[in-house]
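Source file: my_file34.cif. Holds: mmCIF, C-alpha atoms.
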```cif
data_protein
loop_
_atom_site.label_atom_id
_atom_site.label_comp_id
_atom_site.auth_asym_id
_atom_site.auth_seq_id
_atom_site.Cartn_x
_atom_site.Cartn_y
_atom_site.Cartn_z
CA MET A 1 -101.47 -146.95 163.22
CA THR A 2 -103.46 -144.06 161.62
CA SER A 3 -106.35 -145.29 159.48
CA THR A 4 -107.03 -144.09 155.95
CA ARG A 5 -110.24 -142.36 157.10
CA GLU A 6 -108.37 -140.45 159.85
CA ARG A 7 -105.75 -139.32 157.35
CA GLN A 8 -108.50 -138.15 155.00
CA ARG A 9 -110.19 -136.22 157.81
CA ALA A 10 -106.90 -134.60 158.80
CA ALA A 11 -106.25 -133.59 155.20
CA ALA A 12 -109.76 -132.15 154.90
CA ARG A 13 -109.30 -130.12 158.09
CA ALA A 14 -105.97 -128.80 156.81
CA ARG A 15 -107.56 -127.73 153.51
CA LEU A 16 -110.42 -126.02 155.34
CA GLU A 17 -108.05 -124.17 157.68
CA LYS A 18 -105.97 -123.04 154.70
CA GLU A 19 -109.07 -121.78 152.85
CA MET A 20 -110.28 -119.92 155.95
CA ALA A 21 -106.87 -118.30 156.42
CA GLU A 22 -106.78 -117.20 152.77
CA ARG A 23 -110.30 -115.75 153.01
CA ALA A 24 -109.40 -113.86 156.19
CA ALA A 25 -106.26 -112.46 154.55
CA LYS A 26 -108.26 -111.28 151.51
CA ALA A 27 -110.88 -109.70 153.75
CA ARG A 28 -108.18 -107.83 155.71
CA LYS A 29 -106.66 -106.58 152.46
CA ARG A 30 -110.06 -105.33 151.22
CA ARG A 31 -110.71 -103.53 154.50
CA GLN A 32 -107.25 -101.99 154.43
CA THR A 33 -107.60 -100.72 150.86
CA THR A 34 -110.99 -99.17 151.62
CA ALA A 35 -109.82 -97.56 154.83
CA ILE A 36 -106.43 -96.19 153.83
CA VAL A 37 -107.62 -92.87 152.51
CA SER A 38 -110.77 -92.72 154.58
CA ALA A 39 -108.97 -93.47 157.86
CA GLY A 40 -107.56 -89.98 158.27
CA ALA A 41 -110.93 -88.44 157.53
CA ALA A 42 -112.80 -91.14 159.42
CA LEU A 43 -110.91 -90.25 162.55
CA VAL A 44 -112.52 -86.85 162.24
CA LEU A 45 -115.84 -88.51 162.75
CA VAL A 46 -114.87 -90.33 165.93
CA VAL A 47 -115.27 -88.57 169.24
CA ALA A 48 -114.76 -90.55 172.43
CA GLY A 49 -115.49 -93.73 170.52
CA THR A 50 -118.77 -92.43 169.08
CA VAL A 51 -119.16 -92.02 165.33
CA TRP A 52 -120.82 -88.82 164.21
CA LEU A 53 -123.91 -89.44 162.15
CA ALA A 54 -123.76 -87.59 158.86
CA VAL A 55 -126.29 -84.77 158.78
CA SER A 56 -129.08 -85.51 156.29
CA LEU A 57 -128.60 -83.88 152.91
CA GLY A 58 -132.32 -83.19 152.78
CA GLY A 59 -133.21 -84.19 149.24
CA ASP A 60 -134.39 -82.53 146.08
CA ASP A 61 -137.90 -82.02 147.45
CA ASP A 62 -136.69 -80.08 150.50
CA LYS A 63 -135.92 -76.79 148.79
CA SER A 64 -139.05 -74.79 149.53
CA ASN A 65 -137.06 -71.95 151.12
CA THR A 66 -134.21 -71.98 148.62
CA ALA A 67 -134.14 -69.76 145.55
CA ALA A 68 -133.39 -71.44 142.26
CA PRO A 69 -129.70 -71.19 141.30
CA ALA A 70 -128.77 -68.54 138.77
CA ALA A 71 -127.64 -69.50 135.28
CA GLY A 72 -124.22 -71.17 135.39
CA ALA A 73 -124.51 -71.78 139.14
CA ALA A 74 -125.08 -74.84 141.30
CA GLU A 75 -127.09 -75.19 144.48
CA CYS A 76 -124.79 -76.70 147.12
CA VAL A 77 -125.54 -78.07 150.58
CA TYR A 78 -122.90 -77.62 153.29
CA ASN A 79 -124.06 -79.41 156.42
CA ALA A 80 -122.85 -77.78 159.64
CA LEU A 81 -121.72 -80.21 162.33
CA PRO A 82 -123.56 -79.82 165.66
CA THR A 83 -121.53 -77.56 167.93
CA GLU A 84 -121.57 -80.03 170.83
CA GLN A 85 -120.01 -82.71 168.60
CA ARG A 86 -117.02 -80.74 167.39
CA PRO A 87 -113.65 -81.81 168.82
CA PRO A 88 -110.80 -79.29 169.22
CA GLN A 89 -109.38 -80.39 165.86
CA ILE A 90 -112.29 -78.77 164.02
CA LYS A 91 -111.50 -75.29 162.69
CA ASP A 92 -114.68 -73.23 162.46
CA VAL A 93 -114.43 -70.52 159.80
CA GLY A 94 -118.12 -70.51 158.95
CA VAL A 95 -119.90 -72.08 155.99
CA PRO A 96 -119.70 -71.22 152.26
CA GLY A 97 -122.71 -69.78 150.45
CA ASN A 98 -125.12 -72.30 148.97
CA GLN A 99 -124.96 -70.96 145.41
CA GLN A 100 -121.63 -71.68 143.75
CA SER A 101 -120.39 -71.02 140.23
CA ALA A 102 -120.39 -74.03 137.91
CA LYS A 103 -118.37 -72.29 135.20
CA GLY A 104 -114.68 -71.80 134.50
CA VAL A 105 -111.38 -73.39 135.45
CA GLN A 106 -109.40 -72.47 138.55
CA THR A 107 -105.73 -72.92 139.36
CA MET A 108 -104.99 -74.24 142.83
CA THR A 109 -101.54 -73.28 144.08
CA ILE A 110 -100.18 -75.09 147.12
CA ASP A 111 -97.09 -73.24 148.29
CA THR A 112 -95.06 -75.70 150.39
CA ASN A 113 -91.71 -75.66 152.15
CA LEU A 114 -90.43 -77.86 149.31
CA GLY A 115 -91.78 -75.70 146.51
CA PRO A 116 -95.11 -75.07 144.75
CA ILE A 117 -97.62 -77.70 143.71
CA THR A 118 -100.30 -76.61 141.23
CA ALA A 119 -103.53 -78.20 140.05
CA LYS A 120 -106.32 -77.48 137.55
CA VAL A 121 -109.86 -77.49 138.94
CA ASP A 122 -112.86 -77.51 136.56
CA ARG A 123 -115.80 -75.94 138.37
CA SER A 124 -118.32 -77.46 135.96
CA LEU A 125 -117.39 -80.86 137.41
CA VAL A 126 -117.04 -79.95 141.09
CA PRO A 127 -118.86 -76.65 141.75
CA CYS A 128 -119.57 -77.39 145.41
CA THR A 129 -116.17 -78.82 146.29
CA ALA A 130 -114.35 -76.08 144.38
CA GLY A 131 -116.55 -73.52 146.10
CA SER A 132 -115.65 -74.97 149.48
CA PHE A 133 -111.94 -75.02 148.69
CA THR A 134 -112.04 -71.43 147.46
CA TYR A 135 -113.88 -70.34 150.58
CA LEU A 136 -111.45 -72.14 152.92
CA ALA A 137 -108.42 -70.80 151.02
CA GLU A 138 -109.74 -67.24 151.43
CA LYS A 139 -109.98 -67.91 155.18
CA ASN A 140 -106.31 -69.06 155.27
CA PHE A 141 -107.64 -72.41 156.47
CA PHE A 142 -104.73 -74.47 155.12
CA ASP A 143 -101.88 -72.11 155.98
CA ASN A 144 -99.00 -73.60 158.02
CA THR A 145 -100.51 -77.09 158.09
CA LYS A 146 -98.65 -80.34 157.41
CA CYS A 147 -99.45 -83.21 155.10
CA HIS A 148 -100.00 -85.82 157.78
CA ARG A 149 -100.16 -89.12 155.89
CA LEU A 150 -98.15 -90.88 153.20
CA VAL A 151 -99.05 -94.29 151.77
CA THR A 152 -96.42 -95.79 149.47
CA GLU A 153 -97.88 -99.31 149.22
CA GLY A 154 -101.06 -99.94 147.25
CA ILE A 155 -102.93 -96.69 146.80
CA LYS A 156 -99.90 -94.32 146.63
CA VAL A 157 -101.20 -91.08 148.11
CA LEU A 158 -100.01 -88.06 150.08
CA GLN A 159 -102.83 -86.80 152.30
CA CYS A 160 -103.14 -83.22 153.54
CA GLY A 161 -105.76 -80.68 154.59
CA ASP A 162 -106.06 -81.19 158.36
CA PRO A 163 -106.03 -77.70 159.93
CA SER A 164 -104.94 -79.14 163.29
CA ALA A 165 -101.78 -80.79 161.92
CA THR A 166 -99.40 -77.97 162.80
CA GLY A 167 -96.28 -77.30 164.83
CA ASN A 168 -93.31 -79.50 165.58
CA GLY A 169 -93.57 -83.27 165.58
CA TRP A 170 -96.73 -85.35 165.35
CA ARG A 171 -99.72 -85.89 167.60
CA ASP A 172 -102.15 -88.80 167.85
CA THR A 173 -104.91 -86.41 166.77
CA ASP A 174 -103.25 -85.40 163.51
CA GLY A 175 -105.60 -86.45 160.73
CA GLN A 176 -108.73 -85.80 162.78
CA GLY A 177 -109.27 -82.17 161.80
CA GLY A 178 -111.47 -80.43 159.28
CA PRO A 179 -113.96 -77.59 158.81
CA SER A 180 -117.20 -77.28 160.77
CA TYR A 181 -119.27 -78.67 157.88
CA ARG A 182 -119.47 -81.65 155.51
CA MET A 183 -120.66 -81.94 151.92
CA ALA A 184 -121.73 -84.54 149.37
CA GLU A 185 -119.27 -86.16 146.98
CA GLU A 186 -119.02 -85.01 143.34
CA ASN A 187 -117.35 -86.12 140.11
CA LEU A 188 -116.89 -89.75 141.14
CA PRO A 189 -114.73 -91.61 138.56
CA THR A 190 -117.03 -94.62 138.24
CA ASP A 191 -116.27 -94.99 134.53
CA LYS A 192 -112.50 -94.57 134.78
CA ARG A 193 -109.87 -97.35 134.90
CA PRO A 194 -107.99 -96.86 137.09
CA PRO A 195 -110.37 -94.54 138.95
CA TYR A 196 -107.50 -92.53 140.41
CA PRO A 197 -104.50 -92.40 138.05
CA GLU A 198 -101.24 -90.70 138.88
CA GLY A 199 -101.63 -86.93 138.99
CA VAL A 200 -105.15 -86.79 140.38
CA ILE A 201 -106.00 -84.69 143.43
CA ALA A 202 -109.07 -85.97 145.27
CA MET A 203 -110.97 -85.54 148.54
CA ALA A 204 -110.64 -87.82 151.54
CA LYS A 205 -113.79 -88.93 153.37
CA SER A 206 -115.09 -91.55 155.75
CA GLN A 207 -116.98 -94.60 154.53
CA ASP A 208 -120.24 -92.69 154.99
CA PRO A 209 -121.66 -90.70 152.06
CA GLY A 210 -121.73 -86.94 152.41
CA SER A 211 -118.65 -86.90 154.67
CA THR A 212 -116.25 -84.87 152.51
CA GLY A 213 -114.52 -82.08 154.44
CA SER A 214 -111.17 -80.37 153.84
CA GLN A 215 -108.73 -83.28 153.72
CA PHE A 216 -107.43 -84.15 150.27
CA PHE A 217 -104.90 -86.51 148.74
CA ILE A 218 -102.48 -86.32 145.83
CA VAL A 219 -102.09 -89.58 143.89
CA PHE A 220 -98.47 -90.20 142.85
CA GLY A 221 -99.06 -93.62 141.25
CA ASP A 222 -102.10 -95.31 139.69
CA SER A 223 -104.38 -96.17 142.60
CA PRO A 224 -106.88 -99.06 142.97
CA LEU A 225 -109.18 -97.13 145.29
CA ASP A 226 -112.91 -97.59 144.87
CA PRO A 227 -114.46 -94.62 142.98
CA ALA A 228 -116.05 -93.13 146.09
CA TYR A 229 -113.89 -90.03 146.52
CA THR A 230 -114.47 -86.68 144.79
CA VAL A 231 -111.94 -85.99 142.04
CA LEU A 232 -111.14 -82.33 142.63
CA GLY A 233 -108.68 -81.79 139.81
CA THR A 234 -105.41 -82.69 138.12
CA ILE A 235 -101.88 -81.83 139.22
CA THR A 236 -100.16 -79.58 136.68
CA GLY A 237 -96.88 -78.93 138.50
CA GLY A 238 -94.84 -80.14 141.47
CA MET A 239 -95.46 -83.88 141.11
CA ASP A 240 -91.70 -84.38 141.30
CA LEU A 241 -91.81 -82.93 144.83
CA VAL A 242 -94.51 -85.39 145.87
CA LYS A 243 -92.57 -88.33 144.42
CA ASP A 244 -89.42 -87.24 146.25
CA VAL A 245 -91.40 -87.27 149.50
CA ALA A 246 -92.72 -90.74 148.64
CA LYS A 247 -89.21 -92.05 148.03
CA THR A 248 -88.20 -90.96 151.52
CA GLY A 249 -90.96 -93.13 152.98
CA ASP A 250 -93.14 -92.91 156.07
CA ASP A 251 -92.82 -93.75 159.75
CA GLY A 252 -95.45 -96.52 159.71
CA ALA A 253 -97.66 -94.75 162.25
CA PHE A 254 -100.86 -95.96 160.53
CA ALA A 255 -99.61 -99.41 159.53
CA GLN A 256 -101.90 -101.24 161.95
CA GLN A 257 -104.96 -99.17 160.99
CA ALA A 258 -104.92 -98.70 157.27
CA GLY A 259 -101.35 -98.51 156.05
CA GLY A 260 -98.72 -95.82 155.70
CA GLY A 261 -97.72 -93.21 158.22
CA HIS A 262 -96.43 -89.69 158.62
CA PRO A 263 -94.05 -88.73 155.79
CA LYS A 264 -90.43 -88.78 156.90
CA LYS A 265 -89.79 -85.76 154.70
CA GLU A 266 -92.01 -83.05 156.15
CA VAL A 267 -94.41 -81.24 153.83
CA ILE A 268 -95.71 -77.94 155.19
CA ILE A 269 -98.39 -76.00 153.32
CA LYS A 270 -97.34 -72.38 153.78
CA ASP A 271 -100.23 -71.05 151.72
CA LEU A 272 -103.00 -72.42 149.51
CA THR A 273 -104.78 -70.21 146.99
CA MET A 274 -107.49 -70.67 144.36
CA SER A 275 -107.46 -68.35 141.33
CA ASN A 276 -110.56 -66.70 139.92
CA PRO A 277 -112.37 -68.99 137.44
CA GLN A 278 -111.27 -68.53 133.83
CA GLY A 279 -113.30 -69.39 130.74
#
```
Could you express the structure from this file as structure tokens?
Amino acid sequence: MTSTRERQRAAARARLEKEMAERAAKARKRRQTTAIVSAGAALVLVVAGTVWLAVSLGGDDDKSNTAAPAAGAAECVYNALPTEQRPPQIKDVGVPGNQQSAKGVQTMTIDTNLGPITAKVDRSLVPCTAGSFTYLAEKNFFDNTKCHRLVTEGIKVLQCGDPSATGNGWRDTDGQGGPSYRMAEENLPTDKRPPYPEGVIAMAKSQDPGSTGSQFFIVFGDSPLDPAYTVLGTITGGMDLVKDVAKTGDDGAFAQQAGGGHPKKEVIIKDLTMSNPQG
């Protein structure tokens, strides 16, 4: 017959096992939330199982050979990735100039197979990121690429901007592409609740600072993401198209990594342009 002490020990073990299981589940959820947007960009940083180390941003005291920015301009640092560490998914179109305008508002127009999506970009908030986007758009960097990731649970984002995500069907490497440089994050919504409300367009990155490239995401529902991703601008048109894509769902290709998958309704960026700054 089981003694009272044995029953108490069994009950204590059961409680401990339950607490450990709950903690593990919460930890998995935290990791998943953090990685969902960064996963596509983080894959860019993985080559044969080795994570690229972010190139040092230098620091404010390392500007001895750099002229002071002109009035209304910002001094930007675009860190080129070492040539020997660039996988085939990297599209090298050069590097933008270091001095970028910090004045005016630009209109981003994403011409897709489903119709246009437009966004407002304030260069005073994101001079370096806007400068990069303008430079890449002028190089036709985004043309004929597909939005490779859709997440309908939790963070609610459509992720695009991989220059290697092209052609028919999907490849395991889709989501690993970007330009041949990285830059620091800007305009982080640390004082906003939620940090990424519906209608925001922001930049994907890995968990490392200074790892922003070309991949971006459109938020189609208030998102609980940590405020670690550059807010590029605000969607001004075409959100209905994004929501229609979200309703169709995804194929679950990234469910085991970070959630979501390729959108079942294909989104192809035929052309992406940035207008001249106004104001």
Worksheet entry | Between atom CA of A:Phe254 and atom CA of A:Thr230 - distance in Å to one decimal | 22.8 Å
Worksheet item: What gap, in Å, lies between atom CA of A:Pro194 and atom CA of A:Val157?
Response: 14.2 Å
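The protein and nucleic acid residues lying at most 8 Å from A:Gly213 are Ala41, Gly178, Pro179, Tyr181, Arg182, Met183, Met203, Ala204 and Lys205 of chain A, with all atoms listed in the file considered and sequence neighbours fewer than 5 positions away removed.
Taking only C-alpha atoms into account, A:Ile155 lies nearest to A:Val219 out of the set A:Val219, A:Met239, A:Ala258, A:Ala137.
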Item to complete: Any chance you could resolve the PyMOL selection byres ((chain A and resi 268) around 7) against this file and give the residues as a PyMOL selection string?
Response: chain A and resi 112-113+144-147+266-267+269-270
Worksheet entry | Point-to-point distance in Å for atom CA of A:Tyr229 and atom CA of A:Thr190 | 10.0 Å
Discussion item. Under the PyMOL selection byres ((chain A and resi 140) around 10), which residues of this model are included? Write them out as a PyMOL selection string.
Written reply: chain A and resi 93+134-139+141-144+163+270-273
Regenerate stretch 154-165 of chain A at the level of all heavy atoms and dump it as a PDB file, in the coordinates of the input.
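Output below, filename selection_29.pdb:
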```pdb
ATOM      1  N   GLY A 154     -99.658 -99.823 147.661  1.00  0.00           N
ATOM      2  CA  GLY A 154    -101.060 -99.940 147.250  1.00  0.00           C
ATOM      3  C   GLY A 154    -101.590 -98.683 146.596  1.00  0.00           C
ATOM      4  O   GLY A 154    -101.431 -98.466 145.393  1.00  0.00           O
ATOM      5  N   ILE A 155    -102.200 -97.803 147.407  1.00  0.00           N
ATOM      6  CA  ILE A 155    -102.930 -96.690 146.800  1.00  0.00           C
ATOM      7  C   ILE A 155    -102.061 -95.478 146.449  1.00  0.00           C
ATOM      8  O   ILE A 155    -102.478 -94.626 145.691  1.00  0.00           O
ATOM      9  CB  ILE A 155    -104.087 -96.238 147.701  1.00  0.00           C
ATOM     10  CG1 ILE A 155    -103.564 -95.680 149.025  1.00  0.00           C
ATOM     11  CG2 ILE A 155    -105.056 -97.375 147.932  1.00  0.00           C
ATOM     12  CD1 ILE A 155    -104.655 -95.036 149.851  1.00  0.00           C
ATOM     13  N   LYS A 156    -100.882 -95.343 147.032  1.00  0.00           N
ATOM     14  CA  LYS A 156     -99.900 -94.320 146.630  1.00  0.00           C
ATOM     15  C   LYS A 156    -100.461 -92.895 146.707  1.00  0.00           C
ATOM     16  O   LYS A 156    -100.689 -92.240 145.687  1.00  0.00           O
ATOM     17  CB  LYS A 156     -99.383 -94.600 145.218  1.00  0.00           C
ATOM     18  CG  LYS A 156     -98.647 -95.931 145.085  1.00  0.00           C
ATOM     19  CD  LYS A 156     -98.131 -96.148 143.672  1.00  0.00           C
ATOM     20  CE  LYS A 156     -97.309 -97.422 143.572  1.00  0.00           C
ATOM     21  NZ  LYS A 156     -98.072 -98.634 143.921  1.00  0.00           N
ATOM     22  N   VAL A 157    -100.647 -92.421 147.927  1.00  0.00           N
ATOM     23  CA  VAL A 157    -101.200 -91.080 148.110  1.00  0.00           C
ATOM     24  C   VAL A 157    -100.448 -90.310 149.198  1.00  0.00           C
ATOM     25  O   VAL A 157     -99.888 -90.891 150.129  1.00  0.00           O
ATOM     26  CB  VAL A 157    -102.697 -91.134 148.492  1.00  0.00           C
ATOM     27  CG1 VAL A 157    -103.505 -91.822 147.412  1.00  0.00           C
ATOM     28  CG2 VAL A 157    -102.908 -91.817 149.842  1.00  0.00           C
ATOM     29  N   LEU A 158    -100.456 -88.988 149.038  1.00  0.00           N
ATOM     30  CA  LEU A 158    -100.010 -88.060 150.080  1.00  0.00           C
ATOM     31  C   LEU A 158    -101.245 -87.298 150.515  1.00  0.00           C
ATOM     32  O   LEU A 158    -101.901 -86.650 149.694  1.00  0.00           O
ATOM     33  CB  LEU A 158     -98.954 -87.093 149.535  1.00  0.00           C
ATOM     34  CG  LEU A 158     -98.482 -86.003 150.510  1.00  0.00           C
ATOM     35  CD1 LEU A 158     -97.715 -86.615 151.686  1.00  0.00           C
ATOM     36  CD2 LEU A 158     -97.612 -84.968 149.788  1.00  0.00           C
ATOM     37  N   GLN A 159    -101.586 -87.386 151.800  1.00  0.00           N
ATOM     38  CA  GLN A 159    -102.830 -86.800 152.300  1.00  0.00           C
ATOM     39  C   GLN A 159    -102.536 -85.560 153.147  1.00  0.00           C
ATOM     40  O   GLN A 159    -101.659 -85.568 154.010  1.00  0.00           O
ATOM     41  CB  GLN A 159    -103.592 -87.834 153.130  1.00  0.00           C
ATOM     42  CG  GLN A 159    -104.996 -87.398 153.525  1.00  0.00           C
ATOM     43  CD  GLN A 159    -105.820 -88.551 154.082  1.00  0.00           C
ATOM     44  OE1 GLN A 159    -105.545 -89.712 153.780  1.00  0.00           O
ATOM     45  NE2 GLN A 159    -106.817 -88.256 154.881  1.00  0.00           N
ATOM     46  N   CYS A 160    -103.325 -84.506 152.894  1.00  0.00           N
ATOM     47  CA  CYS A 160    -103.140 -83.220 153.540  1.00  0.00           C
ATOM     48  C   CYS A 160    -104.499 -82.628 153.899  1.00  0.00           C
ATOM     49  O   CYS A 160    -105.529 -83.279 153.725  1.00  0.00           O
ATOM     50  CB  CYS A 160    -102.400 -82.246 152.611  1.00  0.00           C
ATOM     51  SG  CYS A 160    -101.016 -82.938 151.657  1.00  0.00           S
ATOM     52  N   GLY A 161    -104.504 -81.394 154.390  1.00  0.00           N
ATOM     53  CA  GLY A 161    -105.760 -80.680 154.590  1.00  0.00           C
ATOM     54  C   GLY A 161    -106.339 -80.707 155.981  1.00  0.00           C
ATOM     55  O   GLY A 161    -107.470 -80.263 156.180  1.00  0.00           O
ATOM     56  N   ASP A 162    -105.589 -81.216 156.971  1.00  0.00           N
ATOM     57  CA  ASP A 162    -106.060 -81.190 158.360  1.00  0.00           C
ATOM     58  C   ASP A 162    -105.569 -79.897 158.996  1.00  0.00           C
ATOM     59  O   ASP A 162    -104.361 -79.709 159.174  1.00  0.00           O
ATOM     60  CB  ASP A 162    -105.520 -82.399 159.119  1.00  0.00           C
ATOM     61  CG  ASP A 162    -105.862 -82.379 160.603  1.00  0.00           C
ATOM     62  OD1 ASP A 162    -106.552 -81.442 161.056  1.00  0.00           O
ATOM     63  OD2 ASP A 162    -105.441 -83.303 161.321  1.00  0.00           O
ATOM     64  N   PRO A 163    -106.469 -78.984 159.378  1.00  0.00           N
ATOM     65  CA  PRO A 163    -106.030 -77.700 159.930  1.00  0.00           C
ATOM     66  C   PRO A 163    -105.372 -77.814 161.301  1.00  0.00           C
ATOM     67  O   PRO A 163    -104.716 -76.875 161.740  1.00  0.00           O
ATOM     68  CB  PRO A 163    -107.337 -76.896 160.031  1.00  0.00           C
ATOM     69  CG  PRO A 163    -108.390 -77.944 160.217  1.00  0.00           C
ATOM     70  CD  PRO A 163    -107.943 -79.091 159.349  1.00  0.00           C
ATOM     71  N   SER A 164    -105.531 -78.964 161.955  1.00  0.00           N
ATOM     72  CA  SER A 164    -104.940 -79.140 163.290  1.00  0.00           C
ATOM     73  C   SER A 164    -103.544 -79.741 163.241  1.00  0.00           C
ATOM     74  O   SER A 164    -102.863 -79.813 164.264  1.00  0.00           O
ATOM     75  CB  SER A 164    -105.849 -80.018 164.164  1.00  0.00           C
ATOM     76  OG  SER A 164    -105.824 -81.367 163.740  1.00  0.00           O
ATOM     77  N   ALA A 165    -103.107 -80.188 162.055  1.00  0.00           N
ATOM     78  CA  ALA A 165    -101.780 -80.790 161.920  1.00  0.00           C
ATOM     79  C   ALA A 165    -100.741 -79.685 161.741  1.00  0.00           C
ATOM     80  O   ALA A 165    -100.337 -79.353 160.619  1.00  0.00           O
ATOM     81  CB  ALA A 165    -101.754 -81.754 160.742  1.00  0.00           C
TER      82      ALA A 165
END
```
